[in-house]
Each structure stands twice: as C-alpha cells, then as structure tokens.
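Quick look at input10.txt (compact mmCIF, C-alpha atoms and all ligand atoms):
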```txt
# COMPACT_ATOMS: atom_id res chain seq x y z
CA MET A 4 -3.97 -11.77 -17.22
CA THR A 5 -5.48 -8.28 -17.52
CA ILE A 6 -5.17 -6.16 -14.44
CA GLU A 7 -7.41 -3.17 -13.85
CA ILE A 8 -6.45 -0.68 -11.17
CA ARG A 9 -9.16 1.56 -9.75
CA ALA A 10 -10.07 3.51 -6.66
CA ALA A 11 -11.83 1.42 -4.02
CA THR A 12 -15.30 2.27 -2.73
CA PRO A 13 -16.89 1.24 0.57
CA SER A 14 -18.39 -1.79 -1.21
CA ASP A 15 -14.81 -3.10 -1.58
CA SER A 16 -13.85 -2.74 2.07
CA ALA A 17 -14.69 -6.30 3.16
CA ALA A 18 -12.83 -7.79 0.19
CA VAL A 19 -9.81 -5.57 0.90
CA LEU A 20 -9.71 -6.80 4.52
CA ALA A 21 -9.95 -10.40 3.27
CA LEU A 22 -7.09 -9.75 0.84
CA TRP A 23 -4.89 -8.37 3.64
CA LEU A 24 -5.49 -11.57 5.62
CA GLU A 25 -4.86 -13.83 2.64
CA ALA A 26 -1.71 -11.88 1.68
CA GLU A 27 -0.46 -12.08 5.27
CA THR A 28 0.25 -8.39 5.46
CA HIS A 29 1.50 -7.31 8.85
CA PRO A 30 -1.78 -6.84 10.73
CA THR A 31 -2.59 -3.56 12.43
CA ALA A 32 -5.11 -2.78 15.15
CA THR A 33 -7.26 -0.85 12.67
CA ASP A 34 -7.78 -3.68 10.18
CA ASP A 35 -11.56 -3.38 10.38
CA LEU A 36 -14.46 -2.13 8.27
CA GLU A 37 -14.93 1.04 10.28
CA SER A 38 -11.32 2.10 9.78
CA VAL A 39 -11.17 1.28 6.07
CA ASN A 40 -14.43 3.18 5.50
CA GLN A 41 -13.05 6.07 7.54
CA LEU A 42 -10.03 6.21 5.22
CA LEU A 43 -12.33 6.21 2.16
CA ALA A 44 -14.46 8.99 3.61
CA HIS A 45 -11.43 11.08 4.63
CA ASP A 46 -9.44 10.67 1.41
CA PRO A 47 -11.53 9.16 -1.40
CA GLY A 48 -9.26 7.67 -4.03
CA SER A 49 -6.44 6.93 -1.60
CA LEU A 50 -7.13 3.19 -1.53
CA LEU A 51 -6.42 1.62 -4.91
CA VAL A 52 -7.30 -1.95 -5.79
CA ALA A 53 -6.14 -4.24 -8.57
CA GLU A 54 -8.73 -6.51 -10.16
CA SER A 55 -8.30 -9.50 -12.41
CA ASP A 56 -11.49 -10.82 -14.04
CA GLY A 57 -13.57 -9.11 -11.38
CA THR A 58 -11.55 -10.56 -8.49
CA LEU A 59 -9.67 -8.27 -6.17
CA VAL A 60 -6.02 -9.33 -6.25
CA GLY A 61 -4.10 -6.34 -4.92
CA SER A 62 -4.25 -3.16 -2.87
CA ILE A 63 -2.26 -0.08 -1.99
CA ILE A 64 -2.96 2.99 0.11
CA ALA A 65 -1.58 6.21 -1.38
CA GLY A 66 -2.27 8.98 1.11
CA TRP A 67 -1.61 12.69 0.53
CA ASP A 68 -1.54 15.01 3.52
CA GLY A 69 -0.40 18.13 1.68
CA TRP A 70 3.25 17.65 2.66
CA ARG A 71 4.36 14.20 1.60
CA GLY A 72 2.74 11.28 -0.20
CA SER A 73 2.71 8.07 1.82
CA ILE A 74 2.28 4.48 0.72
CA TYR A 75 0.87 1.78 2.95
CA ARG A 76 -0.71 -1.66 2.66
CA LEU A 77 0.78 -2.85 -0.59
CA ALA A 78 -0.56 -6.40 -0.85
CA VAL A 79 -1.01 -8.95 -3.64
CA SER A 80 -2.84 -12.29 -3.48
CA PRO A 81 -0.34 -15.15 -3.12
CA SER A 82 -1.63 -16.75 -6.35
CA GLU A 83 -0.98 -13.58 -8.38
CA ARG A 84 2.54 -12.73 -7.25
CA ARG A 85 5.56 -12.14 -9.49
CA ARG A 86 3.32 -10.95 -12.32
CA GLY A 87 3.94 -7.26 -11.87
CA VAL A 88 0.76 -6.46 -9.92
CA ALA A 89 2.58 -4.66 -7.09
CA GLY A 90 4.69 -2.74 -9.57
CA ALA A 91 1.55 -1.60 -11.40
CA LEU A 92 -0.07 -0.55 -8.11
CA VAL A 93 2.98 1.49 -7.11
CA ARG A 94 3.10 3.23 -10.49
CA GLU A 95 -0.60 4.15 -10.22
CA ALA A 96 -0.05 5.36 -6.64
CA GLU A 97 2.85 7.53 -7.86
CA ARG A 98 0.60 9.02 -10.57
CA ARG A 99 -2.15 9.78 -8.08
CA LEU A 100 0.15 11.40 -5.53
CA GLN A 101 2.09 13.42 -8.09
CA SER A 102 -1.12 14.62 -9.75
CA LEU A 103 -2.26 15.90 -6.35
CA GLY A 104 0.97 17.88 -5.98
CA ALA A 105 3.17 15.52 -3.96
CA ARG A 106 6.86 15.92 -4.84
CA ARG A 107 8.20 13.60 -2.12
CA LEU A 108 6.86 10.11 -1.56
CA GLN A 109 7.61 7.58 1.15
CA ALA A 110 6.71 3.93 1.67
CA ASN A 111 6.22 2.35 5.05
CA VAL A 112 8.01 -1.02 4.75
CA VAL A 113 8.53 -3.68 7.43
CA SER A 114 12.31 -3.92 7.48
CA ASP A 115 12.53 -7.61 8.45
CA ASP A 116 10.10 -8.81 5.76
CA PRO A 117 12.30 -10.23 2.98
CA GLN A 118 9.55 -10.14 0.30
CA ALA A 119 8.63 -6.57 1.02
CA VAL A 120 12.24 -5.41 1.13
CA ALA A 121 13.09 -7.32 -2.08
CA PHE A 122 10.16 -5.71 -3.86
CA TRP A 123 11.06 -2.19 -2.77
CA ARG A 124 14.75 -2.67 -3.55
CA SER A 125 13.73 -3.57 -7.11
CA SER A 126 11.36 -0.62 -7.40
CA GLY A 127 13.88 2.08 -8.16
CA TRP A 128 12.95 4.02 -5.02
CA GLU A 129 15.84 5.23 -2.87
CA GLU A 130 16.35 3.22 0.32
CA GLN A 131 16.93 5.28 3.45
CA ASP A 132 18.04 3.65 6.69
CA HIS A 133 19.00 6.70 8.73
CA ARG A 134 15.51 7.41 10.05
CA LYS A 135 13.56 5.69 12.81
CA ARG A 136 9.81 5.62 13.19
CA PHE A 137 8.13 6.65 16.44
CA VAL A 138 4.44 5.89 16.87
CA GLN A 139 1.68 6.83 19.28
CA SER A 140 -1.66 5.06 19.35
CA ASP A 141 -4.80 4.58 21.40
CA VAL A 142 -4.95 0.91 20.42
CA PRO A 143 -2.49 -1.75 21.64
CA GLY A 144 0.20 -2.46 19.04
CA GLY A 145 -1.13 0.28 16.76
C1 LIG A 201 5.69 -7.76 -1.69
C2 LIG A 201 4.52 -8.02 -2.65
C3 LIG A 201 3.55 -6.85 -2.55
C4 LIG A 201 5.08 -8.11 -4.09
O1 LIG A 201 3.98 -8.26 -4.99
P1 LIG A 201 4.18 -8.82 -6.48
O2 LIG A 201 2.97 -8.45 -7.27
O3 LIG A 201 4.56 -10.24 -6.42
O4 LIG A 201 5.44 -7.96 -6.99
P2 LIG A 201 5.88 -7.73 -8.52
O5 LIG A 201 5.46 -8.90 -9.35
O6 LIG A 201 5.42 -6.39 -8.97
O7 LIG A 201 7.47 -7.79 -8.34
C5 LIG A 201 8.34 -6.84 -8.95
C6 LIG A 201 9.77 -7.21 -8.59
O8 LIG A 201 9.96 -7.15 -7.16
C7 LIG A 201 10.89 -8.16 -6.76
N1 LIG A 201 10.20 -9.14 -5.90
C8 LIG A 201 8.87 -9.20 -5.65
N2 LIG A 201 8.61 -10.22 -4.79
C9 LIG A 201 9.79 -10.79 -4.50
C10 LIG A 201 10.17 -11.89 -3.68
N3 LIG A 201 9.26 -12.62 -2.98
N4 LIG A 201 11.49 -12.22 -3.61
C11 LIG A 201 12.41 -11.53 -4.31
N5 LIG A 201 12.12 -10.46 -5.13
C12 LIG A 201 10.82 -10.11 -5.20
C13 LIG A 201 11.37 -8.83 -8.03
O9 LIG A 201 12.50 -8.09 -8.50
C14 LIG A 201 10.17 -8.61 -8.95
O10 LIG A 201 10.52 -8.65 -10.34
P3 LIG A 201 10.62 -10.11 -11.07
O11 LIG A 201 9.37 -10.88 -10.71
O12 LIG A 201 10.69 -9.73 -12.51
O13 LIG A 201 11.86 -10.76 -10.53
C15 LIG A 201 3.80 -9.37 -2.32
O14 LIG A 201 4.77 -10.39 -2.22
C16 LIG A 201 3.00 -9.33 -1.04
O15 LIG A 201 1.82 -8.97 -1.05
N6 LIG A 201 3.62 -9.74 0.09
C17 LIG A 201 2.93 -9.76 1.40
C18 LIG A 201 2.63 -8.36 1.91
C19 LIG A 201 3.85 -7.47 1.89
O16 LIG A 201 4.93 -7.83 2.28
N7 LIG A 201 3.61 -6.25 1.42
C20 LIG A 201 4.64 -5.23 1.32
C21 LIG A 201 4.37 -4.19 2.34
S1 LIG A 201 5.41 -2.80 2.02
```
Represent the structure from my file as structure tokens, please.
Amino acid sequence: MTIEIRAATPSDSAAVLALWLEAETHPTATDDLESVNQLLAHDPGSLLVAESDGTLVGSIIAGWDGWRGSIYRLAVSPSERRRGVAGALVREAERRLQSLGARRLQANVVSDDPQAVAFWRSSGWEEQDHRKRFVQSDVPGG
C-alpha cells in the first residue's frame, strides 16, 4: 500500500467529514462543511489527508497559532489501521509545524479512548496528565 500525504483543499471537505464518521472519531458540534472550509480558509495546509490509490484513508489537523502547534482529528479508516498511516500523518504534521516555527506541540486526545491513548503512548510523545482542559463554546457540547 502506498500512502500519499498532502494538504487538503475544500474539494476534500465532504470526504473528510465522511471519514470522521466512518472512523468513529469523537464528534464535535462543528463537524460540518462550513467549519471545515473555515479552517482551510483560515490556515491553509493545516488539514492533512492520507490517500491510498486515490481514496482518502486518514486525516490530521496540525494548527499553528504562533505559540504552540496543536494536533486534532487524527483519524484512519477502520480498514487501513495498524499499517502506520496515523504514524505517517503525525510525522508529516510535526514537519509542518516545526517548519512554521513551532517548538512545542500538543495533541488533543480523548483520555478514555483506548485506541487513541495506545497510539499516542507508542508515538514517543511525552504524556502529561497534570493539566485539565476548560472549554467555552457557543454550540452545545462544543
Ligand atoms: C488511533 C488511530 C488514529 C490509529 O491509527 P493507525 O493508522 O491504526 O495507527 P498506526 O498504524 O500508525 O499505529 C502505530 C502504533 O500505535 C499503536 N496502536 C495503534 N492502534 C492501536 C490499537 N487499536 N491498540 C493498541 N495499540 C495501537 C501500536 O503500537 C501501533 O504500532 P503496531 O501496529 O506496530 O503495533 C485509529 O485507530 C483511529 O482512527 N481511531 C479512531 C479515531 C481516534 O481515536 N483518533 C485518535 C484521536 S487523538
């Protein structure tokens, strides 16, 4: 299997949303075309996709705000798992963020998701459990 990783464009947004559903990522209130296209307009190159034979099989958001690089929405199609796709996406995200100047990276990981935690524990990233996340949103559950 040859995997190509590239920056997503608005023409990928619908397929990315379908992948998030198929991969059973933890849904958020902004899983819609408008929000994905807003991300692409705000930070082109921040949404990376993995393709195998022209089919979208993985995604990751690597956002840079000038202070810290942040990773969200790592997802791989169920049929393509345990083949290193997520690892390749994370390495490409690291390259992007570091090339933009980010020296500190963080990943937003659902702590009671065994797959997600197992992946990140194997990634070589340092696990921190002494911080809590506080959120504020104008959408329920956001
Ligand atoms: C978590 C997820 C992204 C991993 O994708 P993947 O492409 O299968 O991961 P990789 O093949 O790169 O795995 C690299 C290593 O991570 C660990 N790992 C990955 N999935 C694992 C699992 N289900 N159980 C245990 N270890 C796992 C293993 O050490 C694996 O190496 P190995 O296959 O040689 O044993 C994928 O399972 C997924 O999309 N899950 C649903 C969405 C999700 O939880 N996303 C994470 C949000 S942070």
Among the residues A:Ala121, A:Leu24, A:Ala53, A:Leu100, the one that comes closest to A:Trp67 [using only C-alpha atoms]:
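Under the stated criterion, the closest residue is A:Leu100.
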Among the residues A:Leu59, A:Ala26, A:Ala105, A:Ala32, the one that comes closest to ligand LIG 201 (chain A) [using only C-alpha atoms and all ligand atoms]
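Smallest distance to ligand LIG 201 (chain A) is found for A:Ala26.
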So, counting all atoms listed in the file, which residue among A:Leu92, A:Val142, A:Ala78, A:Val120 is closest to ligand LIG 201 (chain A)?
A:Ala78
Pick the closest to A:Thr5 from A:Ser49, A:Ser102, A:Ser55, A:Asn40: which is it, counting only C-alpha atoms?
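Smallest distance to A:Thr5 is found for A:Ser55.
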Just want the residues within 6 Å of ligand LIG 201 (chain A), written as a list in words, counting only C-alpha atoms and all ligand atoms.
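So the residues close to ligand LIG 201 (chain A) are Ala26, Glu27, Thr28, Arg76, Leu77, Ala78, Val79, Arg84, Arg85, Arg86, Gly87, Val88, Ala89, Gly90, Val112, Gln118, Ala119, Ala121, Phe122 and Ser125 of chain A.
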